[in-house]
Amino acid sequence: MKILVTGGAGYIGSHTCVELLNENYEVVVLDNLSNSSEESLTRVKNITGKSLEFYKADLLDKKEIASVFQDHKIDSVIHFAGLKAVGESVLVPLKYFHNNISGTLNLLEVMDDFNVKNIVFSSSATVYGNPASLPIKEDFPLSATNPYGRTKLMTEEILQDVYCSDKSWNIALLRYFNPVGAHESGKIGEDPFGIPNNLAPYISRVAAGFLPRVNVFGNDYDTLDGTGVRDFIHVVDLALGHIKTLPKLFTNPGVVIYNLGTGQGYSVLEMIKGFEAASGKTIPYKITDRRPGDIAACFADPFKAKKELGWEANKTLADMCTDTWNWQKKNPDGYRESQGEN
Ligand code: NAD
Ligand code: UFG
C-alpha cells in the first residue's frame with residue numbers, strides 16, 4: 001500500500017514516515033522544504049533501513065502535484081504540509097491562507113483527478129478556540145482566534161463539503177494537541193528556524209545554553225500553579241495515531257474526527273522541571289506578561305480515538321523531555337551541521 005505524505009520532511013511528517021516504513025507501507029514524500037531539510041529524510045531511511053521516494057514540490061503548483069500521482073498509484077494521502085506559526089499568521093495572513101488553503105485545494109483537485117479519495121488531515125486543538133470546559137471532546141463548538149487557526153477550521157469545513165458532494169471520499173480530521181519530543185534514536189526531531197515560538201524547543205535551547213532563560217508567559221492563570229496548562233503529546237505517539245487511522249479510512253467511514261492527545265495536562269513550570277530532570281541542568285526562567293491570545297488550559301478527551309482506532313498515547317512527560325534533550329544534545333544545530341555520526 002502506497003502513502004503520499006505531504007510535508008513529510010517536517011517535524012511530525014518525518015516521524016510518521018518512520019512508523020509508516022516500520023509498518024511496511026511504501027512512502028512517497030512531497031515537500032517544498034520551506035520549513036525543513038531533506039536531511040530529515042536521509043535520517044528516516046537510516047533509522048528504518050528502508051527507502052522512500054522524495055519529490056521537492058510545492059502544493060501551490062498543481063503540475064508538480066500531478067506528476068507525483070502520474071508516477072505512483074497512491075492509496076491514501078497524509079496531508080501535513082502547511083505553515084504553522086501562529087504569530088506570523090497574524091502578520092501575514094494572506095501568505096497563510098494562500099499556502100494552507102490554496103495548497104490544500106490544489107491537492108484535493110489533483111486527488112480527485114486521479115480518483116484518490118482517502119486523506120488524513122493534520123488539524124489542531126486550536127480549532128476549539130477557548131473551550132468552555134475541559135477535557136475537550138470532538139463535538140465541542142469550534143472557533144478560530146487567529147489566521148493559522150482559521151486555515152485549519154476552513155480546511156476541515158472544505159473537506160466536509162467535499163465529502164457531502166461525493167460520498168466516495170474518506171477523510172480523517174486529526175486534531176493534534178501539543179506535539180513534543182523526538183525519535184528515541186536522537187536522529188530526527190523538531191528543528192525550528194531561529195528562536196523557537198513553542199515551549200519545548202525553547203526550553204531545550206535554554207538547557208543547551210543557547211538562550212539565557214525561559215520566559216514564562218504569565219503565572220496568574222486559573223491553573224494549579226498559575227502557568228498555562230497543555231496536553232503535551234510525544235511525537236512518536238502522534239505518528240502512531242496516523243498508523244492506526246489508515247486502516248480505519250479503508251473501511252469507508254466517510255468523515256471521521258479524532259483528538260490526538262494524552263488526556264493529561266501539564267503546566268509550563270512542570271515542563272521546565274521535566275527538562276531539568278532529563279538534562280541534569282538548572283533551567284533559569286522568568287515570569288513575564290501573558291502572551292496575547294493564549295488560553296489558560298487545554299487538554300483532550302482522547303477516548304474516541306481509543307475506542308474507534310485502538311490508539312492511545314503511551315509515553316510519559318519524562319520520555320518527552322528525555323527524547324527532546326537527546327535530540328538537542330546530538331544535533332545542537334538541528335539538521336544544519338549533520339552528516340556526522342547521525
Ligand atoms: P513542519 O513545519 O515541521 O512541517 C510542515 C512541512 O510542510 C514542512 O516540511 C514544510 O516544508 C512543508 N510545506 C509547507 N508548505 C508547503 C507547500 N506549499 N508545499 C509543500 N510543502 C510545504 O510542521 P509540523 O510541526 O510537522 O506540522 C505538520 C502539520 O501539523 C501542519 O499542518 C501543522 O499545522 C499541524 N499541526 C502542528 C502542530 C505543532 O504544534 N507542531 C500542532 C497541531 C497541528
Ligand atoms: N510558553 C511560555 N514561554 C514560551 C513559549 C510558550 O510560557 O517561550 C507557554 C505558553 O504561554 C503556553 C504553553 O507554554 O501556555 C504552550 O505554548 P506553545 O507555544 O508551545 O503551544 P500553544 O499551546 O500556544 O500552541 C501549539 C501550537 C499551535 C497549536 C496548538 C494546539 O503552536 O499551532 O499547540 O495544537 F494549534
# chains A, B, ... in the order shown; residues from 1 in each chain; ligands from 1
>>> residues_near_ligand(ligand="ligand 2", cutoff="6 Å", atoms="only C-alpha atoms and all ligand atoms", output="ChimeraX atom specification")
/A:84,86,124-126,176-178,197-199,202,214-217,228-229,268,291,294
>>> write_last_selection(atoms="N, CA, C and O atoms", output="PDB file, in the first residue's frame")
ATOM      1  N   LYS A  84       2.725  26.988  10.010  1.00  0.00           N
ATOM      2  CA  LYS A  84       2.122  26.701  11.314  1.00  0.00           C
ATOM      3  C   LYS A  84       2.439  27.705  12.431  1.00  0.00           C
ATOM      4  O   LYS A  84       2.123  27.453  13.580  1.00  0.00           O
ATOM      5  N   VAL A  86       1.697  30.643  14.592  1.00  0.00           N
ATOM      6  CA  VAL A  86       0.520  31.448  14.919  1.00  0.00           C
ATOM      7  C   VAL A  86       0.829  32.944  14.792  1.00  0.00           C
ATOM      8  O   VAL A  86       0.102  33.697  14.140  1.00  0.00           O
ATOM      9  N   SER A 124      -5.867  20.669  14.345  1.00  0.00           N
ATOM     10  CA  SER A 124      -5.208  21.122  15.571  1.00  0.00           C
ATOM     11  C   SER A 124      -6.244  21.407  16.644  1.00  0.00           C
ATOM     12  O   SER A 124      -7.390  21.790  16.343  1.00  0.00           O
ATOM     13  N   ALA A 125      -5.821  21.291  17.892  1.00  0.00           N
ATOM     14  CA  ALA A 125      -6.687  21.653  19.015  1.00  0.00           C
ATOM     15  C   ALA A 125      -7.044  23.134  18.973  1.00  0.00           C
ATOM     16  O   ALA A 125      -7.981  23.559  19.649  1.00  0.00           O
ATOM     17  N   THR A 126      -6.317  23.895  18.173  1.00  0.00           N
ATOM     18  CA  THR A 126      -6.618  25.319  18.053  1.00  0.00           C
ATOM     19  C   THR A 126      -8.044  25.536  17.528  1.00  0.00           C
ATOM     20  O   THR A 126      -8.636  26.602  17.762  1.00  0.00           O
ATOM     21  N   TYR A 176      -4.510  17.515  16.595  1.00  0.00           N
ATOM     22  CA  TYR A 176      -3.353  17.301  17.473  1.00  0.00           C
ATOM     23  C   TYR A 176      -3.407  18.282  18.632  1.00  0.00           C
ATOM     24  O   TYR A 176      -3.714  19.457  18.448  1.00  0.00           O
ATOM     25  N   PHE A 177      -2.968  17.822  19.791  1.00  0.00           N
ATOM     26  CA  PHE A 177      -2.778  18.744  20.912  1.00  0.00           C
ATOM     27  C   PHE A 177      -1.337  19.284  20.824  1.00  0.00           C
ATOM     28  O   PHE A 177      -0.988  19.815  19.774  1.00  0.00           O
ATOM     29  N   ASN A 178      -0.484  19.179  21.814  1.00  0.00           N
ATOM     30  CA  ASN A 178       0.824  19.848  21.691  1.00  0.00           C
ATOM     31  C   ASN A 178       1.952  18.842  21.467  1.00  0.00           C
ATOM     32  O   ASN A 178       2.487  18.294  22.428  1.00  0.00           O
ATOM     33  N   ASN A 197       9.203  29.495  18.818  1.00  0.00           N
ATOM     34  CA  ASN A 197       7.987  30.086  19.379  1.00  0.00           C
ATOM     35  C   ASN A 197       7.401  29.176  20.453  1.00  0.00           C
ATOM     36  O   ASN A 197       6.742  29.644  21.369  1.00  0.00           O
ATOM     37  N   ASN A 198       7.603  27.885  20.297  1.00  0.00           N
ATOM     38  CA  ASN A 198       6.920  26.923  21.159  1.00  0.00           C
ATOM     39  C   ASN A 198       7.771  26.557  22.366  1.00  0.00           C
ATOM     40  O   ASN A 198       8.992  26.665  22.360  1.00  0.00           O
ATOM     41  N   LEU A 199       7.074  26.113  23.410  1.00  0.00           N
ATOM     42  CA  LEU A 199       7.716  25.946  24.715  1.00  0.00           C
ATOM     43  C   LEU A 199       8.856  24.913  24.713  1.00  0.00           C
ATOM     44  O   LEU A 199       9.963  25.218  25.165  1.00  0.00           O
ATOM     45  N   TYR A 202      12.047  25.796  22.982  1.00  0.00           N
ATOM     46  CA  TYR A 202      12.650  26.955  23.659  1.00  0.00           C
ATOM     47  C   TYR A 202      13.396  26.491  24.912  1.00  0.00           C
ATOM     48  O   TYR A 202      14.566  26.852  25.133  1.00  0.00           O
ATOM     49  N   VAL A 214      14.105  30.872  30.139  1.00  0.00           N
ATOM     50  CA  VAL A 214      12.763  30.701  29.577  1.00  0.00           C
ATOM     51  C   VAL A 214      11.898  31.858  30.065  1.00  0.00           C
ATOM     52  O   VAL A 214      11.907  32.177  31.265  1.00  0.00           O
ATOM     53  N   ASN A 215      11.179  32.480  29.183  1.00  0.00           N
ATOM     54  CA  ASN A 215      10.172  33.467  29.586  1.00  0.00           C
ATOM     55  C   ASN A 215       8.866  32.714  29.781  1.00  0.00           C
ATOM     56  O   ASN A 215       8.332  32.140  28.829  1.00  0.00           O
ATOM     57  N   VAL A 216       8.382  32.689  31.021  1.00  0.00           N
ATOM     58  CA  VAL A 216       7.122  32.001  31.313  1.00  0.00           C
ATOM     59  C   VAL A 216       6.007  33.022  31.151  1.00  0.00           C
ATOM     60  O   VAL A 216       5.949  34.011  31.900  1.00  0.00           O
ATOM     61  N   PHE A 217       5.146  32.771  30.166  1.00  0.00           N
ATOM     62  CA  PHE A 217       4.148  33.780  29.787  1.00  0.00           C
ATOM     63  C   PHE A 217       2.957  33.783  30.753  1.00  0.00           C
ATOM     64  O   PHE A 217       1.885  33.290  30.430  1.00  0.00           O
ATOM     65  N   GLY A 228       0.340  28.321  32.253  1.00  0.00           N
ATOM     66  CA  GLY A 228      -0.508  27.665  31.250  1.00  0.00           C
ATOM     67  C   GLY A 228      -0.391  26.148  31.310  1.00  0.00           C
ATOM     68  O   GLY A 228       0.685  25.607  31.606  1.00  0.00           O
ATOM     69  N   VAL A 229      -1.491  25.481  31.029  1.00  0.00           N
ATOM     70  CA  VAL A 229      -1.515  24.007  31.035  1.00  0.00           C
ATOM     71  C   VAL A 229      -1.851  23.518  29.624  1.00  0.00           C
ATOM     72  O   VAL A 229      -2.783  24.012  28.997  1.00  0.00           O
ATOM     73  N   VAL A 268       3.438  24.854  32.400  1.00  0.00           N
ATOM     74  CA  VAL A 268       4.743  25.321  31.900  1.00  0.00           C
ATOM     75  C   VAL A 268       5.832  25.010  32.929  1.00  0.00           C
ATOM     76  O   VAL A 268       6.918  24.516  32.584  1.00  0.00           O
ATOM     77  N   ARG A 291       1.156  35.940  27.067  1.00  0.00           N
ATOM     78  CA  ARG A 291       1.271  36.113  25.612  1.00  0.00           C
ATOM     79  C   ARG A 291      -0.147  36.330  25.064  1.00  0.00           C
ATOM     80  O   ARG A 291      -1.032  35.503  25.323  1.00  0.00           O
ATOM     81  N   ASP A 294      -3.164  33.579  24.242  1.00  0.00           N
ATOM     82  CA  ASP A 294      -3.025  32.285  24.920  1.00  0.00           C
ATOM     83  C   ASP A 294      -4.232  32.000  25.804  1.00  0.00           C
ATOM     84  O   ASP A 294      -4.810  32.912  26.407  1.00  0.00           O
TER      85      ASP A 294
END
>>> residues_near_ligand(ligand="ligand 1", cutoff="7 Å", atoms="only C-alpha atoms and all ligand atoms", output="PyMOL selection string")
chain A and resi 6-13+30-36+57-60+80-84+99-100+103+122-125+175-179+190
>>> atom_distance(atom1="CA of Glu270 (chain A)", atom2="CA of Asn219 (chain A)")
12.5 Å
>>> residues_around(residues="Cys17 (chain A)", least_positions_apart="5", cutoff="8 Å", atoms="only C-alpha atoms", output="tab-separated table (two decimals) with all heavy atoms, in the first residue's frame")
chain	number	residue	atom	x	y	z
A	5	VAL	N	2.88	11.36	1.56
A	5	VAL	CA	2.96	12.18	2.77
A	5	VAL	C	3.36	13.59	2.36
A	5	VAL	O	4.52	13.83	2.00
A	5	VAL	CB	4.00	11.59	3.76
A	5	VAL	CG1	4.00	12.40	5.05
A	5	VAL	CG2	3.70	10.12	4.06
A	8	GLY	N	6.24	15.71	4.47
A	8	GLY	CA	6.88	14.56	5.12
A	8	GLY	C	8.29	14.81	5.63
A	8	GLY	O	8.81	14.02	6.42
A	27	VAL	N	6.29	4.64	0.87
A	27	VAL	CA	6.13	6.05	1.22
A	27	VAL	C	6.66	6.96	0.11
A	27	VAL	O	7.79	6.78	-0.36
A	27	VAL	CB	6.85	6.37	2.56
A	27	VAL	CG1	6.82	7.86	2.86
A	27	VAL	CG2	6.24	5.57	3.71
A	44	VAL	N	15.51	9.36	8.23
A	44	VAL	CA	14.38	8.41	8.28
A	44	VAL	C	14.82	7.09	7.66
A	44	VAL	O	14.57	6.00	8.20
A	44	VAL	CB	13.15	8.99	7.54
A	44	VAL	CG1	12.10	7.90	7.28
A	44	VAL	CG2	12.55	10.15	8.30
>>> residues_around(residues="region 297-301 of chain A", least_positions_apart="5", cutoff="9 Å", atoms="only C-alpha atoms", output="list in words")
Ala125, Asn130, Pro131, Leu134, Pro135, Ile136, Lys137, Glu138, Phe177, Tyr221, Asp222, Thr223, Thr227, Gly228, Val229, Arg230, Asp231, Phe232, Asn259, Leu260, Gly261, Thr262, Gly263, Gln264, Gly265, Tyr266 and Ser267 of chain A
>>> residues_around(residues="Val127 (chain A)", least_positions_apart="5", cutoff="7 Å", atoms="only C-alpha atoms", output="PyMOL selection string")
chain A and resi 142-144+149+152-153
>>> closest_residue(among="A:Gly194, A:Thr316, A:Gly293, A:Arg213", to="Asp333 (chain A)", atoms="only C-alpha atoms")
A:Gly194
>>> residues_around(residues="Lys244 (chain A)", least_positions_apart="3", cutoff="9 Å", atoms="only C-alpha atoms", output="list in words")
Leu240, Gly241, Pro247, Lys248, Leu309, Gly310 and Trp311 of chain A
>>> write_last_selection(atoms="C-alpha atoms", output="short mmCIF file (atom, residue, chain, number, x, y, z; two decimals), in the first residue's frame")
data_model
loop_
_atom_site.label_atom_id
_atom_site.label_comp_id
_atom_site.auth_asym_id
_atom_site.auth_seq_id
_atom_site.Cartn_x
_atom_site.Cartn_y
_atom_site.Cartn_z
CA LEU A 240 1.39 6.08 15.64
CA GLY A 241 -2.04 7.71 15.72
CA PRO A 247 -6.92 1.07 8.31
CA LYS A 248 -9.97 2.96 9.55
CA LEU A 309 -8.93 3.30 16.46
CA GLY A 310 -7.46 1.31 19.34
CA TRP A 311 -4.92 4.13 19.76
#
>>> closest_residue(among="A:His234, A:Thr42, A:Leu107, A:Val77", to="Lys63 (chain A)", atoms="only C-alpha atoms")
A:Leu107
>>> select_by_dssp(residues="region 215-318 of chain A", states="helix (DSSP H, G or I)", output="PyMOL selection string")
chain A and resi 235-249+268-279+303-309+317-318
>>> residues_around(residues="Phe69 (chain A)", least_positions_apart="4", cutoff="8 Å", atoms="only C-alpha atoms", output="VMD selection string")
chain A and resid 65 73 to 74 110 to 111 114
>>> closest_residue(among="A:Lys187, A:Lys167, A:Lys329, A:Lys306", to="Asn252 (chain A)", atoms="only C-alpha atoms")
A:Lys167
>>> closest_residue(among="A:Gly334, A:Pro196, A:Pro253, A:Gly209", to="Ile283 (chain A)", atoms="only C-alpha atoms")
A:Gly209
>>> closest_residue(among="A:Leu269, A:Val180, A:Ile243, A:Leu238", to="Thr322 (chain A)", atoms="only C-alpha atoms")
A:Val180
>>> select_by_dssp(residues="region 92-326 of chain A", states="strand (DSSP E or B)", output="PyMOL selection string")
chain A and resi 118-124+128+136+143+170-176+178-180+214-217+229-230+232-234+255-260+266-267+285-288+297-298+300
>>> closest_residue(among="A:Phe121, A:Arg205, A:Lys330, A:Asp191", to="Ala172 (chain A)", atoms="only C-alpha atoms")
A:Phe121
>>> atom_distance(atom1="CA of Val255 (chain A)", atom2="CA of Glu23 (chain A)")
24.0 Å
